[in-house]
$ cat my_file39.cif   # mmCIF, C-alpha atoms
data_coords
#
loop_
_atom_site.label_atom_id
_atom_site.label_comp_id
_atom_site.auth_asym_id
_atom_site.auth_seq_id
_atom_site.Cartn_x
_atom_site.Cartn_y
_atom_site.Cartn_z
CA GLY A 1 131.09 116.16 223.15
CA GLN A 2 129.79 115.58 226.65
CA GLN A 3 127.43 118.10 228.18
CA LEU A 4 125.88 118.35 231.58
CA ASN A 5 122.08 118.25 231.75
CA GLN A 6 120.76 121.51 233.08
CA SER A 7 117.17 122.32 233.95
CA PRO A 8 115.05 124.16 233.41
CA GLN A 9 116.05 125.28 229.92
CA SER A 10 114.41 128.64 230.44
CA MET A 11 112.46 130.51 233.08
CA PHE A 12 110.25 133.55 233.12
CA ILE A 13 109.86 134.93 236.60
CA GLN A 14 108.71 138.08 238.26
CA GLU A 15 111.03 140.47 240.03
CA GLY A 16 111.38 139.49 243.68
CA GLU A 17 110.81 135.78 243.12
CA ASP A 18 113.32 133.11 244.04
CA VAL A 19 114.86 130.95 241.30
CA SER A 20 116.22 127.41 241.40
CA MET A 21 118.09 125.53 238.73
CA ASN A 22 120.08 122.32 238.72
CA CYS A 23 122.68 120.42 236.82
CA THR A 24 123.19 116.67 236.62
CA SER A 25 125.85 114.40 235.23
CA SER A 26 126.26 110.69 234.64
CA SER A 27 129.85 110.90 235.87
CA ILE A 28 131.56 112.26 238.95
CA PHE A 29 133.03 115.75 239.11
CA ASN A 30 135.44 117.04 241.73
CA THR A 31 134.70 120.71 241.09
CA TRP A 32 131.42 122.37 240.18
CA LEU A 33 131.20 125.90 238.84
CA TRP A 34 128.35 128.25 238.04
CA TYR A 35 128.73 130.93 235.37
CA LYS A 36 126.49 133.70 234.05
CA GLN A 37 126.60 134.91 230.46
CA ASP A 38 125.15 138.27 229.47
CA PRO A 39 124.28 138.97 225.83
CA GLY A 40 127.36 139.69 223.74
CA GLU A 41 129.77 138.76 226.49
CA GLY A 42 131.70 135.78 227.73
CA PRO A 43 130.72 133.72 230.78
CA VAL A 44 131.60 135.13 234.19
CA LEU A 45 132.23 132.89 237.18
CA LEU A 46 129.66 133.26 239.96
CA ILE A 47 130.45 130.47 242.39
CA ALA A 48 132.98 127.63 242.63
CA LEU A 49 132.39 124.48 244.70
CA TYR A 50 135.17 122.08 245.64
CA LYS A 51 133.72 119.58 248.10
CA ALA A 52 130.75 117.22 248.07
CA GLY A 53 127.98 118.70 250.21
CA GLU A 54 129.49 122.18 250.13
CA LEU A 55 127.07 125.09 250.23
CA THR A 56 128.47 128.44 249.10
CA SER A 57 126.86 131.86 248.81
CA ASN A 58 127.71 134.94 246.76
CA GLY A 59 125.26 137.68 247.66
CA ARG A 60 121.80 136.55 246.66
CA LEU A 61 123.20 133.45 244.98
CA THR A 62 123.64 130.12 246.74
CA ALA A 63 125.04 126.98 245.16
CA GLN A 64 125.45 123.45 246.42
CA PHE A 65 127.75 120.60 245.42
CA GLY A 66 125.64 117.44 245.47
CA ILE A 67 126.56 114.61 247.84
CA THR A 68 126.81 112.11 244.99
CA ARG A 69 129.25 114.44 243.16
CA LYS A 70 127.00 114.08 240.14
CA ASP A 71 124.86 117.16 240.58
CA SER A 72 124.81 120.77 241.65
CA PHE A 73 122.16 123.37 242.36
CA LEU A 74 121.97 127.15 242.09
CA ASN A 75 119.43 129.34 243.85
CA ILE A 76 118.89 133.04 243.30
CA SER A 77 116.84 134.82 245.91
CA ALA A 78 114.73 137.94 245.37
CA SER A 79 115.51 138.21 241.66
CA ILE A 80 116.09 141.60 240.06
CA PRO A 81 116.07 142.63 236.39
CA SER A 82 119.87 142.46 236.08
CA ASP A 83 119.71 138.74 236.87
CA VAL A 84 118.58 138.25 233.27
CA GLY A 85 121.00 136.12 231.30
CA ILE A 86 122.06 132.55 230.70
CA TYR A 87 123.35 130.53 233.63
CA PHE A 88 125.72 127.67 232.99
CA CYS A 89 126.97 125.00 235.28
CA ALA A 90 130.37 123.51 234.55
CA GLY A 91 132.31 120.65 236.03
CA LEU A 92 135.83 119.37 236.24
CA PRO A 93 136.19 115.59 236.06
CA TYR A 94 137.33 113.62 239.08
CA THR A 95 140.47 112.56 237.31
CA GLY A 96 142.40 114.11 234.50
CA THR A 97 143.48 117.57 233.53
CA ALA A 98 141.98 120.65 235.07
CA SER A 99 141.72 122.08 231.57
CA LYS A 100 138.73 120.11 230.44
CA LEU A 101 135.75 121.97 231.76
CA THR A 102 132.45 120.43 230.73
CA PHE A 103 129.57 122.89 230.49
CA GLY A 104 125.88 122.46 231.01
CA THR A 105 123.27 123.24 228.40
CA GLY A 106 122.35 126.51 230.11
CA THR A 107 119.28 128.00 231.79
CA ARG A 108 117.97 131.19 230.24
CA LEU A 109 116.49 133.46 232.88
CA GLN A 110 114.14 136.31 232.11
CA VAL A 111 112.82 138.57 234.83
CA THR A 112 109.70 140.63 234.40
CA LEU A 113 108.85 143.67 236.46
CA ASP B 1 135.83 143.72 231.55
CA SER B 2 137.69 140.43 232.12
CA GLY B 3 141.01 141.72 230.79
CA VAL B 4 140.97 139.15 227.97
CA THR B 5 140.71 140.66 224.51
CA GLN B 6 139.60 138.96 221.32
CA THR B 7 139.65 140.17 217.75
CA PRO B 8 137.78 140.46 215.55
CA LYS B 9 134.39 140.76 217.24
CA HIS B 10 132.54 139.59 214.15
CA LEU B 11 133.71 137.65 211.12
CA ILE B 12 131.68 136.72 208.07
CA THR B 13 133.20 134.43 205.50
CA ALA B 14 132.34 131.78 202.94
CA THR B 15 132.54 128.01 203.02
CA GLY B 16 135.96 126.64 202.21
CA GLN B 17 137.77 129.70 203.48
CA ARG B 18 140.32 130.00 206.30
CA VAL B 19 140.21 132.48 209.19
CA THR B 20 142.36 133.36 212.17
CA LEU B 21 140.96 134.43 215.52
CA ARG B 22 143.19 136.23 217.96
CA CYS B 23 143.25 136.31 221.74
CA SER B 24 145.31 138.31 224.23
CA PRO B 25 145.19 136.89 227.77
CA ARG B 26 145.05 138.89 230.98
CA SER B 27 148.37 140.35 232.01
CA GLY B 28 150.37 137.67 233.80
CA ASP B 29 148.21 134.71 232.76
CA LEU B 30 150.18 131.95 231.08
CA SER B 31 147.27 129.68 230.17
CA VAL B 32 144.94 130.25 227.24
CA TYR B 33 141.86 128.15 226.48
CA TRP B 34 139.65 128.14 223.40
CA TYR B 35 135.94 127.29 223.43
CA GLN B 36 133.27 127.02 220.77
CA GLN B 37 129.69 127.98 221.59
CA SER B 38 127.05 126.92 219.09
CA LEU B 39 123.29 126.70 219.44
CA ASP B 40 123.11 122.93 219.19
CA GLN B 41 126.34 121.97 220.98
CA GLY B 42 126.53 124.51 223.76
CA LEU B 43 129.92 125.58 225.10
CA GLN B 44 132.62 123.09 224.15
CA PHE B 45 136.26 123.07 225.20
CA LEU B 46 138.61 123.02 222.21
CA ILE B 47 142.20 123.35 223.37
CA HIS B 48 144.46 124.63 226.17
CA TYR B 49 147.90 126.19 225.83
CA TYR B 50 150.25 126.96 228.66
CA ASN B 51 153.28 129.18 228.11
CA GLY B 52 153.47 128.28 224.44
CA GLU B 53 152.87 124.56 224.76
CA GLU B 54 149.73 122.56 224.12
CA ARG B 55 148.42 121.10 227.41
CA ALA B 56 145.07 119.55 226.58
CA LYS B 57 142.79 118.96 223.64
CA GLY B 58 139.05 118.71 223.66
CA ASN B 59 136.63 118.38 220.78
CA ILE B 60 138.78 120.20 218.27
CA LEU B 61 138.44 119.28 214.61
CA GLU B 62 141.52 118.46 212.55
CA ARG B 63 140.67 121.48 210.35
CA PHE B 64 141.25 123.69 213.40
CA SER B 65 144.60 124.48 214.95
CA ALA B 66 145.91 126.86 217.55
CA GLN B 67 149.16 128.22 218.85
CA GLN B 68 150.41 130.43 221.62
CA PHE B 69 153.22 132.85 220.87
CA PRO B 70 156.15 133.99 223.06
CA ASP B 71 154.24 137.14 224.01
CA LEU B 72 151.47 134.76 225.22
CA HIS B 73 148.81 135.83 222.76
CA SER B 74 147.09 132.97 221.00
CA GLU B 75 145.57 132.38 217.61
CA LEU B 76 142.93 129.87 216.57
CA ASN B 77 143.07 128.95 212.90
CA LEU B 78 139.97 127.53 211.26
CA SER B 79 140.31 126.17 207.73
CA SER B 80 138.09 124.61 205.07
CA LEU B 81 135.19 126.27 206.82
CA GLU B 82 131.77 124.66 206.76
CA LEU B 83 128.35 126.10 207.55
CA GLY B 84 128.37 124.18 210.82
CA ASP B 85 131.44 126.05 212.01
CA SER B 86 129.32 129.16 212.51
CA ALA B 87 129.50 129.83 216.24
CA LEU B 88 130.83 132.07 218.96
CA TYR B 89 134.47 131.35 219.73
CA PHE B 90 135.68 132.28 223.19
CA CYS B 91 139.14 132.53 224.55
CA ALA B 92 139.78 132.35 228.29
CA SER B 93 142.91 132.76 230.34
CA SER B 94 144.05 131.73 233.79
CA VAL B 95 147.13 131.74 235.95
CA THR B 96 149.62 128.87 236.11
CA PRO B 97 147.94 125.46 236.38
CA ARG B 98 148.08 123.95 239.86
CA PRO B 99 150.34 120.91 240.22
CA SER B 100 147.46 119.10 241.95
CA GLY B 101 145.24 119.66 238.94
CA GLY B 102 142.79 121.86 240.83
CA TYR B 103 140.77 124.58 239.19
CA ASN B 104 142.10 128.07 238.53
CA GLU B 105 139.39 130.51 237.52
CA GLN B 106 139.24 131.03 233.78
CA PHE B 107 138.44 134.57 232.65
CA PHE B 108 136.58 134.69 229.37
CA GLY B 109 136.95 137.22 226.60
CA PRO B 110 133.96 138.75 224.79
CA GLY B 111 134.16 136.22 221.96
CA THR B 112 134.37 136.28 218.17
CA ARG B 113 131.16 135.59 216.31
CA LEU B 114 131.95 133.62 213.16
CA THR B 115 129.35 133.34 210.43
CA VAL B 116 130.06 131.02 207.52
CA LEU B 117 127.83 131.60 204.48
#

$ encode --input "my_file39.cif" --output "structure tokens"
Amino acid sequence: GQQLNQSPQSMFIQEGEDVSMNCTSSSIFNTWLWYKQDPGEGPVLLIALYKAGELTSNGRLTAQFGITRKDSFLNISASIPSDVGIYFCAGLPYTGTASKLTFGTGTRLQVTL
Amino acid sequence: DSGVTQTPKHLITATGQRVTLRCSPRSGDLSVYWYQQSLDQGLQFLIHYYNGEERAKGNILERFSAQQFPDLHSELNLSSLELGDSALYFCASSVTPRPSGGYNEQFFGPGTRLTVL
């Protein structure tokens, strides 16, 4: 099935550093979502984006809906140990049912003290 | 805790067997979604049920089937299991789909880890 290309695949950073990750698609999406998955748990929604160019924050997290509708970005500022986990982008296609979320390949984040 | 429950948490079985995974949505949610998460395929949408009726199908194999019961819980049946079916299976639930097709947040359960030996 289709997957969104997410990069980087993994990151090792130090506590306090800022983190950036992105997600790209060959097709247009009308909604972009960012999820975090902790070990042994299901994904949890962090941020939802509904409009091209939109910039939305949730605490130390900021995400942007790309102008082309084919990409999205997530930034985490001043990382802390509990930011460890796998971050997934997900998109809803421009047309069709809202059921069919397409997920990215994930970015595994590890934070060292 | 998302409010979505899944049982069992772990399941180990042999090739050729059949298993049933169970999901209880959040109170009040009418939609249930099933996803498969494997190492090589990532998180893939399988199927969506709304109030007992199938609404959308994704990459679901013919060997797999699902249903949603009147009490809104859902079951995913996997038959003739193969080694490649080993994965985490997630259920998610959300409120009534929007007529415009917009996104309603899906709340994911903790998953069932299936191992096929």

$ resolve_selection --input "my_file39.cif" --expression "the PyMOL selection byres ((chain B) within 10 of (chain A))" --output "PyMOL selection string"
chain B and resi 1-2+4+9+31-33+35+39-49+55-60+88-92+97-113

$ residues_around --input "my_file39.cif" --residues "Gly66 (chain A)" --least-positions-apart "3" --cutoff "8 Å" --atoms "only C-alpha atoms" --output "ChimeraX atom specification"
/A:52-54,69-73

$ write_last_selection --input "my_file39.cif" --atoms "C-alpha atoms" --output "PDB file, in the frame of the given file"
ATOM      1  CA  ALA A  52     130.750 117.220 248.070  1.00  0.00           C
ATOM      2  CA  GLY A  53     127.980 118.700 250.210  1.00  0.00           C
ATOM      3  CA  GLU A  54     129.490 122.180 250.130  1.00  0.00           C
ATOM      4  CA  ARG A  69     129.250 114.440 243.160  1.00  0.00           C
ATOM      5  CA  LYS A  70     127.000 114.080 240.140  1.00  0.00           C
ATOM      6  CA  ASP A  71     124.860 117.160 240.580  1.00  0.00           C
ATOM      7  CA  SER A  72     124.810 120.770 241.650  1.00  0.00           C
ATOM      8  CA  PHE A  73     122.160 123.370 242.360  1.00  0.00           C
TER       9      PHE A  73
END

$ residues_around --input "my_file39.cif" --residues "Tyr87 (chain A)" --least-positions-apart "3" --cutoff "8 Å" --atoms "only C-alpha atoms" --output "short mmCIF file (atom, residue, chain, number, x, y, z; two decimals) with C-alpha atoms, in the frame of the given file"
data_model
loop_
_atom_site.label_atom_id
_atom_site.label_comp_id
_atom_site.auth_asym_id
_atom_site.auth_seq_id
_atom_site.Cartn_x
_atom_site.Cartn_y
_atom_site.Cartn_z
CA TRP A 34 128.35 128.25 238.04
CA TYR A 35 128.73 130.93 235.37
CA LYS A 36 126.49 133.70 234.05
CA GLN A 37 126.60 134.91 230.46
CA GLY A 106 122.35 126.51 230.11
CA THR A 107 119.28 128.00 231.79
CA ARG A 108 117.97 131.19 230.24
CA LEU A 109 116.49 133.46 232.88
#

$ residues_around --input "my_file39.cif" --residues "Ala87 (chain B)" --least-positions-apart "4" --cutoff "8 Å" --atoms "all atoms listed in the file" --output "list in words"
Gln36, Gln37, Ser38, Leu39, Arg113, Leu114 and Thr115 of chain B

$ atom_distance --input "my_file39.cif" --atom1 "CA of Phe12 (chain A)" --atom2 "CA of Ser77 (chain A)"
14.4 Å

$ residues_near_point --input "my_file39.cif" --point "(152.2, 128.5, 223.2)" --cutoff "8 Å" --atoms "all atoms listed in the file" --output "PyMOL selection string"
chain B and resi 49-54+67-70+72+74

$ residues_near_point --input "my_file39.cif" --point "(147.1, 131.5, 230.9)" --cutoff "7 Å" --atoms "all atoms listed in the file" --output "number ranges by chain"
B: 25, 29-32, 50, 93-96

$ resolve_selection --input "my_file39.cif" --expression "the PyMOL selection byres ((chain B and resi 21) around 9)" --output "short mmCIF file (atom, residue, chain, number, x, y, z; two decimals) with C-alpha atoms, in the coordinates of the input"
data_model
loop_
_atom_site.label_atom_id
_atom_site.label_comp_id
_atom_site.auth_asym_id
_atom_site.auth_seq_id
_atom_site.Cartn_x
_atom_site.Cartn_y
_atom_site.Cartn_z
CA GLN B 6 139.60 138.96 221.32
CA THR B 7 139.65 140.17 217.75
CA PRO B 8 137.78 140.46 215.55
CA VAL B 19 140.21 132.48 209.19
CA THR B 20 142.36 133.36 212.17
CA ARG B 22 143.19 136.23 217.96
CA CYS B 23 143.25 136.31 221.74
CA SER B 74 147.09 132.97 221.00
CA GLU B 75 145.57 132.38 217.61
CA LEU B 76 142.93 129.87 216.57
CA ASN B 77 143.07 128.95 212.90
CA LEU B 78 139.97 127.53 211.26
CA TYR B 89 134.47 131.35 219.73
CA THR B 112 134.37 136.28 218.17
#

$ atom_distance --input "my_file39.cif" --atom1 "CA of Ser82 (chain A)" --atom2 "CA of Phe65 (chain A)"
25.0 Å

$ closest_residue --input "my_file39.cif" --among "B:Arg26, B:Ser86, B:Ala14, B:Ser79" --to "Leu117 (chain B)" --atoms "only C-alpha atoms"
B:Ala14

$ atom_distance --input "my_file39.cif" --atom1 "CA of His10 (chain B)" --atom2 "CA of Leu46 (chain A)"
26.7 Å

$ resolve_selection --input "my_file39.cif" --expression "the PyMOL selection byres ((chain A and resi 111) around 7)" --output "VMD selection string"
chain A and resid 12 to 15 80 to 81 84 109 to 110 112 to 113

$ residues_around --input "my_file39.cif" --residues "Gly16 (chain B)" --least-positions-apart "6" --cutoff "8 Å" --atoms "only C-alpha atoms" --output "list in words"
Ser79, Ser80, Leu81 and Glu82 of chain B

$ decode --input "my_file39.cif" --residues "chain B" --atoms "C-alpha atoms" --output "tab-separated table (two decimals), in the first residue's frame"
chain	number	residue	atom	x	y	z
B	1	ASP	CA	-5.54	5.84	28.07
B	2	SER	CA	-7.44	6.47	24.82
B	3	GLY	CA	-10.61	4.72	25.99
B	4	VAL	CA	-10.30	2.11	23.22
B	5	THR	CA	-9.69	-1.41	24.47
B	6	GLN	CA	-8.27	-4.34	22.55
B	7	THR	CA	-7.96	-7.98	23.50
B	8	PRO	CA	-5.87	-10.00	23.64
B	9	LYS	CA	-2.68	-8.00	24.08
B	10	HIS	CA	-0.53	-10.80	22.70
B	11	LEU	CA	-1.39	-13.77	20.54
B	12	ILE	CA	0.93	-16.54	19.40
B	13	THR	CA	-0.32	-19.06	16.92
B	14	ALA	CA	0.79	-21.33	14.09
B	15	THR	CA	0.58	-20.99	10.34
B	16	GLY	CA	-2.74	-22.04	8.89
B	17	GLN	CA	-4.67	-21.17	12.02
B	18	ARG	CA	-7.48	-18.66	12.51
B	19	VAL	CA	-7.66	-15.96	15.19
B	20	THR	CA	-10.10	-13.28	16.28
B	21	LEU	CA	-9.05	-9.90	17.60
B	22	ARG	CA	-11.51	-7.83	19.56
B	23	CYS	CA	-11.94	-4.09	19.92
B	24	SER	CA	-14.24	-1.97	22.07
B	25	PRO	CA	-14.47	1.66	20.93
B	26	ARG	CA	-14.66	4.71	23.15
B	27	SER	CA	-18.06	5.29	24.66
B	28	GLY	CA	-20.23	7.06	22.10
B	29	ASP	CA	-17.98	6.46	19.09
B	30	LEU	CA	-19.77	4.81	16.20
B	31	SER	CA	-16.79	4.36	13.90
B	32	VAL	CA	-14.18	1.65	14.26
B	33	TYR	CA	-11.04	1.35	12.13
B	34	TRP	CA	-8.54	-1.48	11.91
B	35	TYR	CA	-4.85	-1.02	11.09
B	36	GLN	CA	-1.93	-3.37	10.64
B	37	GLN	CA	1.56	-2.28	11.69
B	38	SER	CA	4.44	-4.41	10.47
B	39	LEU	CA	8.14	-3.67	10.30
B	40	ASP	CA	8.34	-3.63	6.52
B	41	GLN	CA	4.95	-2.10	5.67
B	42	GLY	CA	4.49	0.45	8.41
B	43	LEU	CA	0.98	1.36	9.54
B	44	GLN	CA	-1.62	0.33	6.98
B	45	PHE	CA	-5.34	1.01	7.01
B	46	LEU	CA	-7.38	-2.19	6.72
B	47	ILE	CA	-11.07	-1.42	7.11
B	48	HIS	CA	-13.60	1.04	8.58
B	49	TYR	CA	-16.99	0.25	10.09
B	50	TYR	CA	-19.61	2.76	11.05
B	51	ASN	CA	-22.56	1.75	13.20
B	52	GLY	CA	-22.39	-1.85	12.03
B	53	GLU	CA	-21.83	-1.19	8.35
B	54	GLU	CA	-18.64	-1.37	6.33
B	55	ARG	CA	-17.67	2.13	5.13
B	56	ALA	CA	-14.25	1.76	3.54
B	57	LYS	CA	-11.68	-0.88	2.75
B	58	GLY	CA	-7.97	-0.47	2.53
B	59	ASN	CA	-5.27	-3.07	2.01
B	60	ILE	CA	-7.16	-5.90	3.63
B	61	LEU	CA	-6.46	-9.43	2.44
B	62	GLU	CA	-9.31	-11.73	1.45
B	63	ARG	CA	-8.25	-14.04	4.30
B	64	PHE	CA	-9.13	-11.24	6.73
B	65	SER	CA	-12.62	-10.09	7.61
B	66	ALA	CA	-14.17	-7.82	10.16
B	67	GLN	CA	-17.54	-6.96	11.60
B	68	GLN	CA	-19.06	-4.50	14.00
B	69	PHE	CA	-21.77	-5.70	16.33
B	70	PRO	CA	-24.91	-3.90	17.60
B	71	ASP	CA	-23.10	-3.00	20.83
B	72	LEU	CA	-20.47	-1.34	18.57
B	73	HIS	CA	-17.58	-3.60	19.47
B	74	SER	CA	-15.69	-4.96	16.50
B	75	GLU	CA	-13.84	-8.13	15.67
B	76	LEU	CA	-11.11	-8.72	13.12
B	77	ASN	CA	-10.88	-12.31	11.93
B	78	LEU	CA	-7.64	-13.52	10.42
B	79	SER	CA	-7.63	-16.95	8.80
B	80	SER	CA	-5.15	-19.26	7.06
B	81	LEU	CA	-2.44	-17.35	8.86
B	82	GLU	CA	0.97	-16.95	7.28
B	83	LEU	CA	4.30	-15.93	8.79
B	84	GLY	CA	3.95	-12.55	7.12
B	85	ASP	CA	0.77	-11.81	9.05
B	86	SER	CA	2.84	-11.33	12.20
B	87	ALA	CA	2.28	-7.71	13.15
B	88	LEU	CA	0.69	-5.30	15.56
B	89	TYR	CA	-3.01	-4.84	14.88
B	90	PHE	CA	-4.56	-1.60	16.05
B	91	CYS	CA	-8.14	-0.61	16.38
B	92	ALA	CA	-9.14	3.05	16.46
B	93	SER	CA	-12.47	4.74	17.00
B	94	SER	CA	-13.95	8.12	16.23
B	95	VAL	CA	-17.23	9.96	16.37
B	96	THR	CA	-19.72	10.08	13.51
B	97	PRO	CA	-18.08	10.77	10.13
B	98	ARG	CA	-18.56	14.31	8.88
B	99	PRO	CA	-20.85	14.67	5.86
B	100	SER	CA	-18.16	16.81	4.21
B	101	GLY	CA	-15.65	14.00	4.55
B	102	GLY	CA	-13.40	15.96	6.90
B	103	TYR	CA	-11.23	14.33	9.51
B	104	ASN	CA	-12.48	13.29	12.93
B	105	GLU	CA	-9.69	12.37	15.32
B	106	GLN	CA	-9.16	8.64	15.56
B	107	PHE	CA	-8.25	7.35	19.01
B	108	PHE	CA	-6.08	4.27	18.90
B	109	GLY	CA	-6.16	1.29	21.22
B	110	PRO	CA	-3.01	-0.31	22.63
B	111	GLY	CA	-2.92	-2.96	19.90
B	112	THR	CA	-2.75	-6.75	19.69
B	113	ARG	CA	0.63	-8.22	18.88
B	114	LEU	CA	0.15	-11.28	16.68
B	115	THR	CA	3.01	-13.71	16.22
B	116	VAL	CA	2.60	-16.50	13.68
B	117	LEU	CA	5.12	-19.33	14.06
